[in-house]
Amino acid sequence: VLYLRKLGALSQRTILVHANWLEDRELDALAEAGAGVVCTPGTTMRLGQGPTRIKDMAERGVTVSLGTGGACRVAQASIPDEMRMAALAHKMVFLDPAAATAEQVFRMGTFHGGLHLNSPLGSIAPGMKADF
């Protein structure tokens, strides 16, 4: 993350996937740049990659959404399943029931899906493209 910042490649247009094992200073850099993160808990658990620090990211204002990692990585590509896995896995790994709240995970799986795209994605409302 710090190298991306040094190169000038860290901005509001940057979306990182599988952003695991980040240090505090990297989370701060993401927040300062306005970059987004896609968390893929099913793939992360399957590959043993470690958790994405969604609670710490959210506290810094980093937008985190959910992804499935693709059908070739997991048995099914389901955002509701990813929402459930994100909520349960993060509570267990961090031993903190607030590590991923239901509201936070729901927003990650719906509204945050548009990740800085200024497009009609992520929510079910008049004029929006509903994909739920």
# chains A, B, ... in the order shown; residues from 1 in each chain; ligands from 1
call {"tool": "residues_around", "arguments": {"residues": "range 90-102 of chain A", "least_positions_apart": "2", "cutoff": "12 Å", "atoms": "only C-alpha atoms", "output": "ChimeraX atom specification"}}
result
/A:39-42,44-45,50-59,64,80,82-88,104-109
call {"tool": "select_by_dssp", "arguments": {"residues": "chain A", "states": "alpha helix (DSSP H)", "output": "ChimeraX atom specification"}}
result
/A:2-7,24-33,41-47,54-60,79-94,102-109
call {"tool": "closest_residue", "arguments": {"among": "A:Leu47, A:Leu7, A:Val17, A:Val1", "to": "Leu30 in chain A", "atoms": "only C-alpha atoms"}}
result
A:Val1
call {"tool": "atom_distance", "arguments": {"atom1": "CA of Ala9 in chain A", "atom2": "CA of Gly48 in chain A"}}
result
27.8 Å
call {"tool": "select_by_dssp", "arguments": {"residues": "chain A", "states": "strand (DSSP E)", "output": "list in words"}}
result
Ile15, Leu16, Val17, Gly36, Val37, Val38, Cys39, Thr63, Val64, Ser65 and Leu66 of chain A
call {"tool": "write_last_selection", "arguments": {"atoms": "all heavy atoms", "output": "PDB file, in the first residue's frame"}}
result
ATOM      1  N   ILE A  15      -9.082   0.403  -5.888  1.00  0.00           N
ATOM      2  CA  ILE A  15      -9.864  -0.584  -5.151  1.00  0.00           C
ATOM      3  C   ILE A  15      -8.980  -1.809  -4.961  1.00  0.00           C
ATOM      4  O   ILE A  15      -8.553  -2.446  -5.927  1.00  0.00           O
ATOM      5  CB  ILE A  15     -11.148  -0.966  -5.908  1.00  0.00           C
ATOM      6  CG1 ILE A  15     -12.034   0.265  -6.096  1.00  0.00           C
ATOM      7  CG2 ILE A  15     -11.898  -2.061  -5.141  1.00  0.00           C
ATOM      8  CD1 ILE A  15     -13.248   0.021  -6.978  1.00  0.00           C
ATOM      9  N   LEU A  16      -8.669  -2.122  -3.706  1.00  0.00           N
ATOM     10  CA  LEU A  16      -7.829  -3.274  -3.394  1.00  0.00           C
ATOM     11  C   LEU A  16      -8.699  -4.480  -3.070  1.00  0.00           C
ATOM     12  O   LEU A  16      -9.712  -4.355  -2.396  1.00  0.00           O
ATOM     13  CB  LEU A  16      -6.936  -2.965  -2.190  1.00  0.00           C
ATOM     14  CG  LEU A  16      -5.996  -1.778  -2.316  1.00  0.00           C
ATOM     15  CD1 LEU A  16      -5.232  -1.581  -1.018  1.00  0.00           C
ATOM     16  CD2 LEU A  16      -5.039  -1.965  -3.473  1.00  0.00           C
ATOM     17  N   VAL A  17      -8.292  -5.637  -3.538  1.00  0.00           N
ATOM     18  CA  VAL A  17      -8.985  -6.889  -3.239  1.00  0.00           C
ATOM     19  C   VAL A  17      -8.018  -7.770  -2.458  1.00  0.00           C
ATOM     20  O   VAL A  17      -6.821  -7.780  -2.726  1.00  0.00           O
ATOM     21  CB  VAL A  17      -9.431  -7.594  -4.538  1.00  0.00           C
ATOM     22  CG1 VAL A  17     -10.204  -8.860  -4.221  1.00  0.00           C
ATOM     23  CG2 VAL A  17     -10.262  -6.657  -5.397  1.00  0.00           C
ATOM     24  N   GLY A  36     -10.711   2.232  -1.788  1.00  0.00           N
ATOM     25  CA  GLY A  36     -11.677   1.259  -1.298  1.00  0.00           C
ATOM     26  C   GLY A  36     -11.080  -0.131  -1.233  1.00  0.00           C
ATOM     27  O   GLY A  36     -10.022  -0.402  -1.810  1.00  0.00           O
ATOM     28  N   VAL A  37     -11.773  -1.015  -0.516  1.00  0.00           N
ATOM     29  CA  VAL A  37     -11.323  -2.393  -0.345  1.00  0.00           C
ATOM     30  C   VAL A  37     -12.488  -3.337  -0.589  1.00  0.00           C
ATOM     31  O   VAL A  37     -13.612  -3.066  -0.170  1.00  0.00           O
ATOM     32  CB  VAL A  37     -10.768  -2.617   1.089  1.00  0.00           C
ATOM     33  CG1 VAL A  37     -10.489  -4.086   1.351  1.00  0.00           C
ATOM     34  CG2 VAL A  37      -9.505  -1.794   1.295  1.00  0.00           C
ATOM     35  N   VAL A  38     -12.211  -4.443  -1.279  1.00  0.00           N
ATOM     36  CA  VAL A  38     -13.192  -5.511  -1.450  1.00  0.00           C
ATOM     37  C   VAL A  38     -12.742  -6.684  -0.598  1.00  0.00           C
ATOM     38  O   VAL A  38     -11.638  -7.203  -0.762  1.00  0.00           O
ATOM     39  CB  VAL A  38     -13.322  -5.955  -2.930  1.00  0.00           C
ATOM     40  CG1 VAL A  38     -14.300  -7.112  -3.048  1.00  0.00           C
ATOM     41  CG2 VAL A  38     -13.762  -4.791  -3.800  1.00  0.00           C
ATOM     42  N   CYS A  39     -13.592  -7.083   0.325  1.00  0.00           N
ATOM     43  CA  CYS A  39     -13.332  -8.207   1.218  1.00  0.00           C
ATOM     44  C   CYS A  39     -14.009  -9.446   0.639  1.00  0.00           C
ATOM     45  O   CYS A  39     -15.168  -9.391   0.243  1.00  0.00           O
ATOM     46  CB  CYS A  39     -13.897  -7.869   2.598  1.00  0.00           C
ATOM     47  SG  CYS A  39     -13.795  -9.184   3.813  1.00  0.00           S
ATOM     48  N   THR A  63     -13.975   2.700   2.692  1.00  0.00           N
ATOM     49  CA  THR A  63     -15.155   1.989   2.229  1.00  0.00           C
ATOM     50  C   THR A  63     -14.778   0.549   1.910  1.00  0.00           C
ATOM     51  O   THR A  63     -13.862   0.299   1.121  1.00  0.00           O
ATOM     52  CB  THR A  63     -15.755   2.657   0.979  1.00  0.00           C
ATOM     53  OG1 THR A  63     -16.108   3.988   1.303  1.00  0.00           O
ATOM     54  CG2 THR A  63     -16.987   1.904   0.495  1.00  0.00           C
ATOM     55  N   VAL A  64     -15.484  -0.391   2.534  1.00  0.00           N
ATOM     56  CA  VAL A  64     -15.233  -1.816   2.329  1.00  0.00           C
ATOM     57  C   VAL A  64     -16.496  -2.450   1.773  1.00  0.00           C
ATOM     58  O   VAL A  64     -17.580  -2.270   2.327  1.00  0.00           O
ATOM     59  CB  VAL A  64     -14.832  -2.527   3.639  1.00  0.00           C
ATOM     60  CG1 VAL A  64     -14.527  -3.995   3.386  1.00  0.00           C
ATOM     61  CG2 VAL A  64     -13.639  -1.843   4.284  1.00  0.00           C
ATOM     62  N   SER A  65     -16.359  -3.181   0.678  1.00  0.00           N
ATOM     63  CA  SER A  65     -17.486  -3.919   0.107  1.00  0.00           C
ATOM     64  C   SER A  65     -17.154  -5.403   0.127  1.00  0.00           C
ATOM     65  O   SER A  65     -16.054  -5.793   0.508  1.00  0.00           O
ATOM     66  CB  SER A  65     -17.788  -3.445  -1.310  1.00  0.00           C
ATOM     67  OG  SER A  65     -16.762  -3.844  -2.189  1.00  0.00           O
ATOM     68  N   LEU A  66     -18.119  -6.212  -0.291  1.00  0.00           N
ATOM     69  CA  LEU A  66     -17.920  -7.660  -0.324  1.00  0.00           C
ATOM     70  C   LEU A  66     -17.873  -8.169  -1.749  1.00  0.00           C
ATOM     71  O   LEU A  66     -18.580  -7.675  -2.622  1.00  0.00           O
ATOM     72  CB  LEU A  66     -19.051  -8.376   0.415  1.00  0.00           C
ATOM     73  CG  LEU A  66     -19.042  -8.248   1.918  1.00  0.00           C
ATOM     74  CD1 LEU A  66     -20.299  -8.864   2.514  1.00  0.00           C
ATOM     75  CD2 LEU A  66     -17.811  -8.906   2.517  1.00  0.00           C
TER      76      LEU A  66
END
